[in-house]
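Trainee: Structure: query_34.cif, mmCIF, C-alpha atoms.
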data_coords
loop_
_atom_site.label_atom_id
_atom_site.label_comp_id
_atom_site.auth_asym_id
_atom_site.auth_seq_id
_atom_site.Cartn_x
_atom_site.Cartn_y
_atom_site.Cartn_z
CA MET Q 427 79.97 0.46 -28.39
CA LYS Q 428 78.69 -3.09 -28.13
CA GLN Q 429 76.30 -4.82 -25.77
CA THR Q 430 77.75 -7.52 -23.50
CA GLU Q 431 76.53 -9.52 -20.52
CA ILE Q 432 77.84 -6.78 -18.24
CA GLY Q 433 76.59 -3.81 -20.27
CA LEU Q 434 77.84 -1.57 -23.07
CA ILE Q 435 81.59 -1.56 -23.70
CA PRO Q 436 83.76 -0.15 -26.52
CA ASP Q 437 83.96 -2.32 -29.67
CA ASP Q 438 87.69 -2.88 -29.18
CA TRP Q 439 87.31 -3.98 -25.56
CA GLU Q 440 86.35 -7.45 -24.37
CA VAL Q 441 84.90 -9.29 -21.41
CA LYS Q 442 87.34 -11.64 -19.74
CA THR Q 443 87.32 -13.94 -16.75
CA LEU Q 444 90.28 -14.36 -14.45
CA GLY Q 445 90.34 -18.02 -15.44
CA GLU Q 446 91.10 -17.00 -19.04
CA ILE Q 447 94.27 -15.12 -18.15
CA GLY Q 448 95.79 -17.66 -15.77
CA GLU Q 449 95.29 -20.33 -13.13
CA PRO Q 450 94.72 -19.51 -9.45
CA CYS Q 451 97.80 -20.30 -7.37
CA MET Q 452 98.80 -20.42 -3.72
CA CYS Q 453 101.82 -21.34 -1.67
CA LYS Q 454 102.34 -24.75 -0.10
CA ARG Q 455 100.65 -25.11 3.27
CA ILE Q 456 102.76 -24.21 6.28
CA LEU Q 457 101.96 -26.09 9.49
CA LYS Q 458 101.94 -24.32 12.84
CA GLU Q 459 104.83 -26.40 14.13
CA GLN Q 460 106.91 -25.24 11.17
CA THR Q 461 106.68 -21.59 12.26
CA SER Q 462 108.39 -19.65 15.03
CA SER Q 463 108.29 -16.18 16.56
CA THR Q 464 111.71 -15.42 15.10
CA GLY Q 465 113.52 -16.75 12.10
CA ASP Q 466 114.88 -16.17 8.64
CA ILE Q 467 111.82 -15.79 6.41
CA PRO Q 468 108.68 -13.72 7.22
CA PHE Q 469 105.43 -15.71 7.03
CA TYR Q 470 102.20 -13.83 6.33
CA LYS Q 471 98.70 -15.00 7.11
CA ILE Q 472 95.74 -12.75 6.35
CA GLY Q 473 95.62 -10.25 9.21
CA THR Q 474 99.05 -8.75 8.53
CA PHE Q 475 99.02 -9.25 4.76
CA GLY Q 476 101.62 -6.83 3.42
CA GLY Q 477 102.59 -5.57 6.86
CA ILE Q 478 104.26 -7.05 9.93
CA PRO Q 479 104.65 -10.85 9.59
CA ASP Q 480 102.60 -13.21 11.75
CA ALA Q 481 105.50 -15.62 12.17
CA PHE Q 482 108.70 -16.88 10.55
CA ILE Q 483 109.90 -20.03 8.85
CA SER Q 484 113.42 -21.35 8.33
CA ARG Q 485 115.36 -20.52 5.20
CA GLU Q 486 115.84 -24.23 4.55
CA LEU Q 487 112.08 -24.83 4.46
CA PHE Q 488 111.55 -21.69 2.38
CA GLU Q 489 114.10 -22.73 -0.26
CA GLN Q 490 112.64 -26.23 -0.42
CA TYR Q 491 109.02 -25.09 -0.84
CA LYS Q 492 109.94 -22.26 -3.20
CA GLU Q 493 111.66 -24.77 -5.47
CA GLN Q 494 109.02 -27.53 -5.31
CA TYR Q 495 105.71 -25.63 -5.18
CA ASN Q 496 103.97 -22.49 -6.40
CA TYR Q 497 105.71 -19.23 -5.59
CA PRO Q 498 104.87 -15.75 -6.93
CA LYS Q 499 107.18 -13.78 -9.19
CA LYS Q 500 108.13 -10.19 -8.36
CA GLY Q 501 105.26 -7.92 -9.44
CA THR Q 502 102.61 -10.61 -8.94
CA LEU Q 503 99.29 -9.35 -7.54
CA LEU Q 504 98.63 -11.13 -4.26
CA LEU Q 505 94.96 -11.30 -3.26
CA SER Q 506 93.41 -11.82 0.15
CA ALA Q 507 91.03 -14.74 -0.22
CA ALA Q 508 89.70 -14.54 3.35
CA GLY Q 509 89.01 -11.77 5.83
CA THR Q 510 88.92 -8.61 3.73
CA ILE Q 511 88.11 -10.27 0.41
CA GLY Q 512 89.98 -8.94 -2.61
CA ARG Q 513 92.58 -6.79 -0.92
CA VAL Q 514 95.56 -6.64 -3.27
CA VAL Q 515 99.28 -6.14 -2.71
CA VAL Q 516 101.98 -6.04 -5.37
CA PHE Q 517 104.61 -8.63 -4.40
CA ASP Q 518 107.95 -6.85 -3.98
CA GLY Q 519 110.01 -10.00 -4.60
CA LYS Q 520 111.59 -10.04 -1.13
CA ASP Q 521 111.97 -13.46 0.45
CA SER Q 522 108.71 -14.18 2.28
CA TYR Q 523 106.03 -16.86 2.39
CA PHE Q 524 102.23 -16.75 2.40
CA GLN Q 525 99.39 -18.67 3.99
CA ASP Q 526 97.87 -21.12 1.55
CA SER Q 527 94.21 -20.49 0.59
CA ASN Q 528 94.23 -17.15 2.45
CA ILE Q 529 96.59 -15.39 0.05
CA VAL Q 530 96.33 -16.33 -3.62
CA TRP Q 531 97.25 -15.03 -7.07
CA ILE Q 532 96.48 -15.53 -10.73
CA ASP Q 533 99.41 -16.89 -12.72
CA ASN Q 534 99.06 -14.15 -15.33
CA ASP Q 535 101.68 -14.03 -18.10
CA GLU Q 536 100.57 -10.49 -19.08
CA THR Q 537 100.19 -11.32 -22.77
CA LYS Q 538 96.48 -10.47 -22.57
CA VAL Q 539 96.17 -8.26 -19.51
CA THR Q 540 98.98 -6.34 -17.82
CA ASN Q 541 99.30 -6.61 -14.06
CA ASP Q 542 99.34 -2.81 -13.80
CA PHE Q 543 95.89 -2.65 -15.40
CA LEU Q 544 94.63 -5.69 -13.50
CA PHE Q 545 95.63 -4.08 -10.20
CA TYR Q 546 93.01 -1.36 -10.71
CA CYS Q 547 90.45 -3.83 -12.06
CA TYR Q 548 90.69 -5.80 -8.82
CA SER Q 549 89.47 -2.77 -6.85
CA ARG Q 550 86.22 -2.77 -8.86
CA MET Q 551 85.58 -6.51 -9.05
CA GLN Q 552 82.44 -7.97 -7.52
CA TRP Q 553 83.31 -11.25 -5.87
CA LYS Q 554 80.19 -13.40 -6.09
CA THR Q 555 79.09 -16.98 -5.60
CA GLU Q 556 77.60 -18.88 -8.53
CA GLU Q 557 74.16 -17.89 -7.18
CA GLY Q 558 75.15 -14.23 -7.05
CA GLY Q 559 75.63 -14.00 -3.29
CA ILE Q 560 78.56 -12.38 -1.50
CA VAL Q 561 81.45 -14.77 -0.91
CA SER Q 562 83.01 -15.26 2.53
CA ARG Q 563 86.12 -16.82 0.99
CA LEU Q 564 87.56 -16.82 -2.51
CA TYR Q 565 87.75 -20.34 -3.83
CA ASN Q 566 89.24 -21.26 -7.20
CA ALA Q 567 85.79 -21.41 -8.78
CA ASN Q 568 84.99 -17.88 -7.63
CA LEU Q 569 88.29 -16.58 -8.90
CA LYS Q 570 88.16 -18.28 -12.29
CA SER Q 571 84.57 -17.22 -13.01
CA THR Q 572 84.95 -13.56 -11.97
CA SER Q 573 84.65 -11.35 -15.03
CA PHE Q 574 86.01 -7.91 -15.90
CA ILE Q 575 86.44 -5.80 -19.02
CA ALA Q 576 89.68 -4.68 -20.62
CA PRO Q 577 90.95 -3.07 -23.82
CA LYS Q 578 92.32 -5.58 -26.32
CA SER Q 579 95.28 -3.24 -26.74
CA LEU Q 580 98.00 -3.72 -24.13
CA ALA Q 581 99.18 -0.19 -24.91
CA GLU Q 582 95.78 1.22 -23.91
CA GLN Q 583 95.82 -0.86 -20.74
CA GLN Q 584 99.20 0.63 -19.88
CA ARG Q 585 98.02 4.18 -20.56
CA ILE Q 586 95.04 3.71 -18.25
CA ALA Q 587 97.20 2.18 -15.52
CA LYS Q 588 99.74 4.99 -15.88
CA ALA Q 589 97.07 7.68 -15.50
CA LEU Q 590 95.70 6.05 -12.35
CA SER Q 591 99.19 5.40 -11.02
CA ASP Q 592 100.01 9.11 -11.41
CA VAL Q 593 96.99 10.01 -9.28
CA ASP Q 594 98.03 7.39 -6.71
CA ALA Q 595 101.46 9.00 -6.57
CA LEU Q 596 99.85 12.39 -6.01
CA ILE Q 597 97.71 10.95 -3.22
CA SER Q 598 100.73 9.26 -1.62
CA THR Q 599 102.83 12.44 -1.76
CA THR Q 600 100.01 14.46 -0.18
CA GLU Q 601 99.48 11.84 2.54
CA LYS Q 602 103.18 11.94 3.45
CA LEU Q 603 103.24 15.73 3.50
CA LEU Q 604 100.09 15.77 5.62
CA GLN Q 605 101.62 13.35 8.12
CA LYS Q 606 104.81 15.43 8.21
CA LYS Q 607 102.79 18.58 8.99
CA LYS Q 608 100.89 16.75 11.74
CA ASN Q 609 104.15 15.54 13.28
CA ILE Q 610 105.59 19.06 13.16
CA LYS Q 611 102.48 20.43 14.83
CA GLN Q 612 102.65 17.76 17.55
CA GLY Q 613 106.27 18.68 18.28
CA THR Q 614 105.42 22.37 18.28
CA MET Q 615 102.58 21.80 20.74
CA GLN Q 616 104.93 19.81 22.98
CA ASN Q 617 107.37 22.72 23.06
CA LEU Q 618 105.10 25.79 23.10
CA LEU Q 619 102.28 24.56 25.34
CA THR Q 620 104.68 23.51 28.08
CA GLY Q 621 106.97 26.52 27.88
CA LYS Q 622 109.96 24.39 26.89
CA LYS Q 623 110.43 26.63 23.90
CA ARG Q 624 109.43 30.28 23.71
CA LEU Q 625 108.43 32.43 20.78
CA PRO Q 626 110.55 35.50 19.96
CA GLY Q 627 109.80 38.39 22.29
CA PHE Q 628 108.65 36.28 25.24
CA GLY Q 629 110.58 35.15 28.30
CA ASP Q 630 114.05 36.11 29.44
CA LYS Q 631 117.23 35.24 27.58
CA GLN Q 632 117.16 31.58 26.64
CA THR Q 633 119.91 29.07 27.25
CA ASP Q 634 121.42 26.47 24.96
CA LEU Q 635 122.13 23.00 26.37
CA PHE Q 636 125.16 22.56 24.10
CA VAL Q 637 128.35 23.01 26.11
CA SER Q 638 131.27 25.20 25.10
CA ASN Q 639 133.51 22.46 23.73
CA GLY Q 640 130.93 21.53 21.07
CA THR Q 641 129.69 18.31 22.70
CA HIS Q 642 126.29 17.94 24.27
CA THR Q 643 124.65 16.45 27.30
CA LYS Q 644 123.16 12.95 27.35
CA GLU Q 645 119.62 14.32 27.58
CA VAL Q 646 119.82 16.14 24.23
CA LYS Q 647 121.74 13.58 22.20
CA ASP Q 648 120.91 13.70 18.47
CA VAL Q 649 118.72 16.79 18.92
CA SER Q 650 119.46 19.86 16.83
CA PRO Q 651 120.20 23.21 18.55
CA GLU Q 652 116.98 24.64 17.11
CA GLN Q 653 115.03 22.09 19.15
CA ILE Q 654 116.71 22.66 22.51
CA ARG Q 655 116.59 26.35 23.23
CA LEU Q 656 114.93 26.46 26.61
CA SER Q 657 113.80 29.17 28.99
CA ALA Q 658 116.66 30.28 31.24
CA LYS Q 659 114.49 30.67 34.34
CA MET Q 660 112.21 27.79 35.35
CA LYS Q 661 110.26 27.04 38.52
CA GLN Q 662 109.00 23.81 40.05
CA THR Q 663 105.21 23.28 40.25
CA GLU Q 664 102.83 20.40 40.86
CA LEU Q 665 102.86 19.88 37.09
CA GLY Q 666 106.65 19.91 36.88
CA GLU Q 667 109.01 22.63 35.74
CA ILE Q 668 107.46 25.58 33.92
CA PRO Q 669 108.80 29.02 32.95
CA GLU Q 670 109.03 31.46 35.83
CA ASP Q 671 106.54 33.80 34.17
CA TRP Q 672 103.92 31.06 33.61
CA GLU Q 673 101.22 30.00 36.08
CA VAL Q 674 99.23 26.99 37.21
CA LYS Q 675 95.44 27.40 37.28
CA THR Q 676 92.47 25.09 37.64
CA LEU Q 677 90.19 24.73 34.65
CA GLY Q 678 87.34 26.03 36.81
CA GLU Q 679 89.27 29.23 37.54
CA ILE Q 680 89.81 30.17 33.92
CA SER Q 681 86.60 28.95 32.29
CA THR Q 682 82.91 28.21 32.80
CA ILE Q 683 81.90 24.56 32.55
CA ILE Q 684 78.34 23.62 31.48
CA MET Q 685 77.65 19.92 31.98
CA GLY Q 686 75.21 18.36 29.52
CA GLN Q 687 71.80 16.93 30.38
CA SER Q 688 70.03 14.54 28.03
CA PRO Q 689 66.63 15.67 26.72
CA ASN Q 690 63.64 13.35 26.72
CA SER Q 691 64.27 10.75 24.02
CA ASP Q 692 60.76 11.13 22.57
CA CYS Q 693 61.71 14.69 21.60
CA TYR Q 694 64.51 13.57 19.28
CA ASN Q 695 63.97 14.20 15.57
CA THR Q 696 65.85 15.07 12.39
CA GLN Q 697 64.74 18.66 11.69
CA LYS Q 698 62.92 20.50 14.51
CA GLY Q 699 64.23 22.34 17.56
CA MET Q 700 67.95 22.58 18.34
CA VAL Q 701 70.80 20.37 17.16
CA LEU Q 702 71.64 17.79 19.85
CA ILE Q 703 75.27 17.01 20.65
CA GLN Q 704 75.49 13.83 22.70
CA GLY Q 705 79.03 12.54 22.28
CA ASN Q 706 81.88 11.65 19.98
CA ALA Q 707 79.53 10.56 17.19
CA ASP Q 708 78.42 14.19 16.86
CA ILE Q 709 81.99 15.43 16.31
CA SER Q 710 84.04 15.31 13.12
CA ASN Q 711 87.42 16.95 12.50
CA ARG Q 712 87.08 18.80 15.82
CA LYS Q 713 83.80 20.37 14.80
CA THR Q 714 80.24 19.60 15.83
CA ILE Q 715 78.05 18.00 13.16
CA CYS Q 716 74.29 17.78 12.82
CA ARG Q 717 72.79 14.30 13.26
CA PHE Q 718 69.74 14.82 15.48
CA TYR Q 719 67.56 17.64 16.78
CA THR Q 720 65.55 17.92 19.98
CA THR Q 721 62.56 20.04 20.90
CA HIS Q 722 63.30 19.52 24.61
CA ILE Q 723 66.08 22.00 25.27
CA THR Q 724 68.10 21.25 28.42
CA LYS Q 725 71.66 22.62 28.69
CA THR Q 726 73.06 24.57 25.76
CA ALA Q 727 76.35 25.64 24.19
CA ARG Q 728 76.98 28.68 22.02
CA LYS Q 729 78.74 28.74 18.70
CA GLY Q 730 82.49 28.89 19.39
CA ASP Q 731 82.34 27.12 22.78
CA VAL Q 732 84.64 24.16 23.32
CA ILE Q 733 82.77 20.84 23.39
CA PHE Q 734 84.39 18.28 25.65
CA THR Q 735 83.33 14.62 25.84
CA VAL Q 736 82.80 13.42 29.42
CA ARG Q 737 81.72 9.84 28.73
CA ALA Q 738 83.21 7.03 26.68
CA PRO Q 739 85.60 8.38 25.66
CA VAL Q 740 86.60 11.16 28.03
CA GLY Q 741 88.53 14.18 26.81
CA ASN Q 742 87.82 14.54 23.10
CA VAL Q 743 87.86 18.21 22.17
CA ALA Q 744 85.97 20.10 19.46
CA LYS Q 745 84.46 23.50 18.80
CA ALA Q 746 80.73 24.13 18.49
CA THR Q 747 80.06 25.31 14.96
CA PHE Q 748 76.51 26.34 15.90
CA ASP Q 749 74.35 26.84 18.99
CA CYS Q 750 73.40 23.39 20.27
CA CYS Q 751 71.76 21.37 23.03
CA LEU Q 752 74.11 19.32 25.21
CA GLY Q 753 73.43 15.67 26.04
CA ARG Q 754 74.98 14.07 29.10
CA GLY Q 755 77.94 12.71 27.14
CA VAL Q 756 79.44 16.18 26.68
CA CYS Q 757 79.97 19.49 28.38
CA ALA Q 758 80.65 22.98 27.09
CA ILE Q 759 83.69 24.94 28.26
CA GLN Q 760 83.01 28.65 27.91
CA ARG Q 761 85.02 31.84 28.39
CA ILE Q 762 87.96 29.96 26.95
CA SER Q 763 91.08 31.25 25.22
CA ASP Q 764 92.42 29.73 22.01
CA PHE Q 765 95.53 28.81 24.00
CA LEU Q 766 93.41 26.74 26.39
CA TYR Q 767 91.62 25.10 23.45
CA TYR Q 768 94.97 23.83 22.13
CA TYR Q 769 96.15 22.90 25.62
CA LEU Q 770 93.06 20.70 26.09
CA ILE Q 771 93.86 19.01 22.77
CA PHE Q 772 97.45 18.54 23.92
CA ILE Q 773 96.37 16.69 27.10
CA GLU Q 774 93.55 14.82 25.35
CA ASP Q 775 95.05 11.37 25.89
CA SER Q 776 95.62 11.88 29.62
CA TRP Q 777 91.98 11.96 30.72
CA SER Q 778 91.57 8.21 31.06
CA LYS Q 779 93.85 8.40 34.12
CA THR Q 780 91.21 10.43 36.01
CA SER Q 781 88.13 8.63 34.67
CA THR Q 782 85.70 6.96 37.06
CA GLY Q 783 82.72 4.66 36.69
CA SER Q 784 82.36 0.92 36.14
CA THR Q 785 80.27 0.85 32.99
CA PHE Q 786 81.62 3.83 31.05
CA ASP Q 787 84.72 5.91 31.40
CA SER Q 788 83.39 9.22 32.70
CA ILE Q 789 84.41 12.42 34.44
CA ASN Q 790 82.29 14.67 36.65
CA SER Q 791 82.16 18.44 36.89
CA ASP Q 792 84.16 18.65 40.14
CA THR Q 793 87.06 16.63 38.74
CA LEU Q 794 86.97 18.59 35.51
CA ALA Q 795 86.89 21.96 37.27
CA SER Q 796 89.81 21.00 39.54
CA THR Q 797 92.02 19.89 36.65
CA LEU Q 798 95.31 21.79 36.69
CA ILE Q 799 96.31 23.79 33.62
CA ILE Q 800 99.55 25.62 32.89
CA GLN Q 801 99.55 28.79 30.82
CA PRO Q 802 101.59 31.95 30.22
CA SER Q 803 100.68 34.79 32.56
CA SER Q 804 100.80 37.06 29.53
CA LYS Q 805 97.66 37.11 27.38
CA GLU Q 806 99.86 38.27 24.51
CA GLU Q 807 101.99 35.11 24.70
CA GLN Q 808 98.88 32.94 24.92
CA THR Q 809 97.56 34.59 21.76
CA ALA Q 810 100.90 34.28 19.94
CA ILE Q 811 101.13 30.55 20.70
CA ALA Q 812 97.53 29.97 19.62
CA ASN Q 813 98.17 31.88 16.38
CA VAL Q 814 101.13 29.64 15.51
CA LEU Q 815 99.09 26.48 16.09
CA SER Q 816 96.08 27.93 14.26
CA SER Q 817 98.27 28.61 11.21
CA MET Q 818 99.44 25.00 11.29
CA ASP Q 819 95.82 23.83 11.52
CA LYS Q 820 95.01 25.82 8.39
CA GLU Q 821 97.89 24.19 6.51
CA ILE Q 822 96.70 20.76 7.63
CA GLU Q 823 93.12 21.57 6.67
CA THR Q 824 94.26 22.73 3.21
CA LEU Q 825 96.16 19.47 2.71
CA ASN Q 826 93.17 17.44 3.90
CA THR Q 827 91.00 19.23 1.35
CA LYS Q 828 93.52 18.51 -1.41
CA LEU Q 829 93.75 14.87 -0.37
CA GLU Q 830 89.98 14.46 -0.49
CA LYS Q 831 89.94 16.14 -3.90
CA TYR Q 832 92.61 13.78 -5.26
CA ARG Q 833 90.83 10.71 -3.86
CA ASN Q 834 87.55 11.81 -5.44
CA LEU Q 835 89.41 12.44 -8.70
CA LYS Q 836 90.79 8.91 -8.66
CA THR Q 837 87.34 7.45 -8.03
CA ALA Q 838 85.91 9.40 -10.96
CA MET Q 839 88.80 8.44 -13.22
CA MET Q 840 88.43 4.76 -12.39
CA GLN Q 841 84.71 4.94 -13.12
CA GLN Q 842 85.37 6.46 -16.55
CA LEU Q 843 88.65 4.84 -17.63
CA LEU Q 844 88.00 1.26 -16.46
CA THR Q 845 84.63 1.15 -18.23
CA GLY Q 846 85.79 2.68 -21.52
CA LYS Q 847 83.51 5.70 -21.17
CA ILE Q 848 86.57 7.91 -21.59
CA ARG Q 849 89.45 6.79 -23.81
CA LEU Q 850 93.12 7.75 -23.60
CA VAL Q 851 94.89 8.20 -26.92
#
When written as structure tokens, how does the structure in this file appear?

Mentor:
Amino acid sequence: MKQTEIGLIPDDWEVKTLGEIGEPCMCKRILKEQTSSTGDIPFYKIGTFGGIPDAFISRELFEQYKEQYNYPKKGTLLLSAAGTIGRVVVFDGKDSYFQDSNIVWIDNDETKVTNDFLFYCYSRMQWKTEEGGIVSRLYNANLKSTSFIAPKSLAEQQRIAKALSDVDALISTTEKLLQKKKNIKQGTMQNLLTGKKRLPGFGDKQTDLFVSNGTHTKEVKDVSPEQIRLSAKMKQTELGEIPEDWEVKTLGEISTIIMGQSPNSDCYNTQKGMVLIQGNADISNRKTICRFYTTHITKTARKGDVIFTVRAPVGNVAKATFDCCLGRGVCAIQRISDFLYYYLIFIEDSWSKTSTGSTFDSINSDTLASTLIIQPSSKEEQTAIANVLSSMDKEIETLNTKLEKYRNLKTAMMQQLLTGKIRLV
């Protein structure tokens, strides 16, 4: 190891500045009158960098500027120089144009540092002013003077980038699978919690909307038969059509609602009394979390009760993971089935339609108690539906745990590999 201005690094590594590997570049300025809401070539500013374009420019202008001025090559690392400083996107080479001074790049020829390695270095760089302060915009001087460390060997750079890229791929695959599972659960909730689809053993014989000649009705176009098996007998209710053996109840009929009451603020603390649940800030992943305690106990919830936010925002649902004191931003719903817990999650986004109050969205106990709920008359069917959704929750929770593990692994690997503390041979 050897001592450098930024600490100990391996003997065969070196300190570099971005100015040593290439000059900062940017596209030619595009004037507002040269853009339009539709057009041939996407134009990116900073807010949508790498996403949906802010505007468009003509192909004629694009070809002219691309030929006459700076333009990135495919694989170039584009940096946000304003807004979220240092955000990086690998340019995919598709025809597009970028806001000058807001989106920049280093004209790196990769003979000293590969772009794959530099991509991960960017995530650890400290963008500073000459005086050491935090920059609000990356100017050429900031870019050129920013230092980082790298192996002299391009092969070692590539090995490090490959190892981190493999973890990124694992993270991406897990994220996609997680989103797929969430989408499946959402569709399952839509079907099971409304009675549109029944589990085996419940309801009368079901009917298929496909007609005998093999075609289908307009309403079920492009939907597979597995998705359209509906209850044969339905009835009309104030909440629409539901299975004949389901029922409409008010929330007050099937549960006990305990509205919260805020304790005296001078009794708040971080360790004595009972955990205080005041609102959405005290909920994470549909579970209560411990932020504050109170020695002035007002209304309480028991472990396992449903916690429901009644103020800004209304309708967020969680379960109490411990006995707790209820502030006025929440209520507890007791004597509740697991089916009802999932049903409240299913209708979570609808509560703003019944909110009242000029300062905060809120809901009172009378409105909450009179809210109409649909449910199977059979407790066995309620339990079966809840079990299906609970199993899906467990799969999602397992994937979330894996995703967190992989993200932590990447952070640890970057800390070790990009500093030379651990070497890849």

Trainee: One number please: atom CA of Q:Thr797 to atom CA of Q:Ala812, in Å, one decimal.

Mentor: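 Calculated distance between atom CA of Q:Thr797 and atom CA of Q:Ala812 is 20.5 Å.
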
Trainee: Output as lines of an AutoDock Vina configuration file the centre and edge lengths (Å, one decimal) of the box along x, y and z of the file that holds every listed atom of stretch 665-679 of chain Q after adding 4 Å on each side.

Mentor:
center_x = 98.2
center_y = 26.8
center_z = 35.3
size_x = 29.7
size_y = 21.9
size_z = 12.7

Trainee: Would you list the contacts of Q:Met700 as a ChimeraX atom specification, taking every protein, DNA or RNA residue within 9 Å and counting only C-alpha atoms, but skipping same-chain residues closer than 5 positions in sequence?

Mentor: /Q:718-723,749-751

Trainee: Just the residues within 6 Å of Q:Gln760, please, counting all atoms listed in the file, with nothing from its chain fewer than 5 positions along; format it as an MDAnalysis selection string.

Mentor: chainID Q and resid 681:682 731

Trainee: Can you turn the PyMOL selection byres ((chain Q and resi 837) around 12) into a concrete residue list for this file, as a PyMOL selection string?

Mentor: chain Q and resi 546+549-550+590+593-594+597+830-836+838-844

Trainee: For C-alpha atoms, I'd like the residues from the last selection saved as a PDB file, in the coordinates of the input.

Mentor:
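File written: result.pdb
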ATOM      1  CA  TYR Q 546      93.010  -1.360 -10.710  1.00  0.00           C
ATOM      2  CA  SER Q 549      89.470  -2.770  -6.850  1.00  0.00           C
ATOM      3  CA  ARG Q 550      86.220  -2.770  -8.860  1.00  0.00           C
ATOM      4  CA  LEU Q 590      95.700   6.050 -12.350  1.00  0.00           C
ATOM      5  CA  VAL Q 593      96.990  10.010  -9.280  1.00  0.00           C
ATOM      6  CA  ASP Q 594      98.030   7.390  -6.710  1.00  0.00           C
ATOM      7  CA  ILE Q 597      97.710  10.950  -3.220  1.00  0.00           C
ATOM      8  CA  GLU Q 830      89.980  14.460  -0.490  1.00  0.00           C
ATOM      9  CA  LYS Q 831      89.940  16.140  -3.900  1.00  0.00           C
ATOM     10  CA  TYR Q 832      92.610  13.780  -5.260  1.00  0.00           C
ATOM     11  CA  ARG Q 833      90.830  10.710  -3.860  1.00  0.00           C
ATOM     12  CA  ASN Q 834      87.550  11.810  -5.440  1.00  0.00           C
ATOM     13  CA  LEU Q 835      89.410  12.440  -8.700  1.00  0.00           C
ATOM     14  CA  LYS Q 836      90.790   8.910  -8.660  1.00  0.00           C
ATOM     15  CA  ALA Q 838      85.910   9.400 -10.960  1.00  0.00           C
ATOM     16  CA  MET Q 839      88.800   8.440 -13.220  1.00  0.00           C
ATOM     17  CA  MET Q 840      88.430   4.760 -12.390  1.00  0.00           C
ATOM     18  CA  GLN Q 841      84.710   4.940 -13.120  1.00  0.00           C
ATOM     19  CA  GLN Q 842      85.370   6.460 -16.550  1.00  0.00           C
ATOM     20  CA  LEU Q 843      88.650   4.840 -17.630  1.00  0.00           C
ATOM     21  CA  LEU Q 844      88.000   1.260 -16.460  1.00  0.00           C
TER      22      LEU Q 844
END

Trainee: Quick one: residues within 10 Å of Q:Leu665, all atoms listed in the file, excluding same-chain residues fewer than 6 positions away - as a PyMOL selection string?

Mentor: chain Q and resi 620+674+798-800

Trainee: Using the chain letters and residue numbers of this document, give as an MDAnalysis selection string the residues selected by the PyMOL selection byres ((chain Q and resi 759) around 9).

Mentor: chainID Q and resid 681:685 727 731:734 757:758 760:762

Trainee: Keeping C-alpha atoms, export the residues of the selection given above as a CSV table (one decimal), keeping the file's coordinate frame.

Mentor:
chain,number,residue,atom,x,y,z
Q,681,SER,CA,86.6,29.0,32.3
Q,682,THR,CA,82.9,28.2,32.8
Q,683,ILE,CA,81.9,24.6,32.6
Q,684,ILE,CA,78.3,23.6,31.5
Q,685,MET,CA,77.6,19.9,32.0
Q,727,ALA,CA,76.4,25.6,24.2
Q,731,ASP,CA,82.3,27.1,22.8
Q,732,VAL,CA,84.6,24.2,23.3
Q,733,ILE,CA,82.8,20.8,23.4
Q,734,PHE,CA,84.4,18.3,25.6
Q,757,CYS,CA,80.0,19.5,28.4
Q,758,ALA,CA,80.6,23.0,27.1
Q,760,GLN,CA,83.0,28.6,27.9
Q,761,ARG,CA,85.0,31.8,28.4
Q,762,ILE,CA,88.0,30.0,27.0

Trainee: Which residues would end up in the selection if the PyMOL selection byres ((chain Q and resi 707) around 12) were applied here, given that I need the answer as a ChimeraX atom specification?

Mentor: /Q:702-706,708-718,735,737-739,742,744,753,755-756

Trainee: At what distance in Å, to one decimal, does atom CA of Q:Lys554 lie from atom CA of Q:Leu434?

Mentor: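 If I compute the distance from atom CA of Q:Leu434 to atom CA of Q:Lys554, I get 20.8 Å.
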
Trainee: To one decimal place, how far is atom CA of Q:Gly509 from atom CA of Q:Asp526 in Å?

Mentor: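 Taking atom CA of Q:Gly509 and atom CA of Q:Asp526, their separation equals 13.6 Å.
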
Trainee: Need to verify the contact set: stretch 770-780 of chain Q, 6 Å, only C-alpha atoms, exclusion of same-chain residues closer than 2 positions in sequence. Can you return it as an MDAnalysis selection string?

Mentor: chainID Q and resid 741 767:768

Trainee: Pick the closest to Q:Leu544 from Q:Gly666, Q:Gly559, Q:Gly501, Q:Gly613: which is it, counting only C-alpha atoms?

Mentor: Q:Gly501

Trainee: Excluding Q:Lys729 and its own-chain neighbours fewer than 4 positions away, which residues fall within 6 Å of it when counting all atoms listed in the file? Please give them as a PDB file with C-alpha atoms, in the frame of the given file.

Mentor:
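File written: selection-v5.pdb
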ATOM      1  CA  ALA Q 746      80.730  24.130  18.490  1.00  0.00           C
ATOM      2  CA  THR Q 747      80.060  25.310  14.960  1.00  0.00           C
ATOM      3  CA  PHE Q 748      76.510  26.340  15.900  1.00  0.00           C
ATOM      4  CA  ASP Q 749      74.350  26.840  18.990  1.00  0.00           C
TER       5      ASP Q 749
END

Trainee: Name the closest residue to Q:Lys570 among the candidates Q:Glu667, Q:Glu489, Q:Glu449, Q:Glu823; distances are taken between atoms, counting only C-alpha atoms.

Mentor: Q:Glu449

Trainee: For the point (86.5, 24.6, 37.5) in the file's frame, write as a ChimeraX atom specification all residues with an atom no more than 8 Å away, counting only C-alpha atoms.

Mentor: /Q:676-683,791-792,794-797

Trainee: Which residue out of Q:Ser484, Q:Ser788, Q:Thr696, Q:Ser591 has the minimum interatomic distance to Q:Gln460 when all atoms listed in the file are used?

Mentor: Q:Ser484
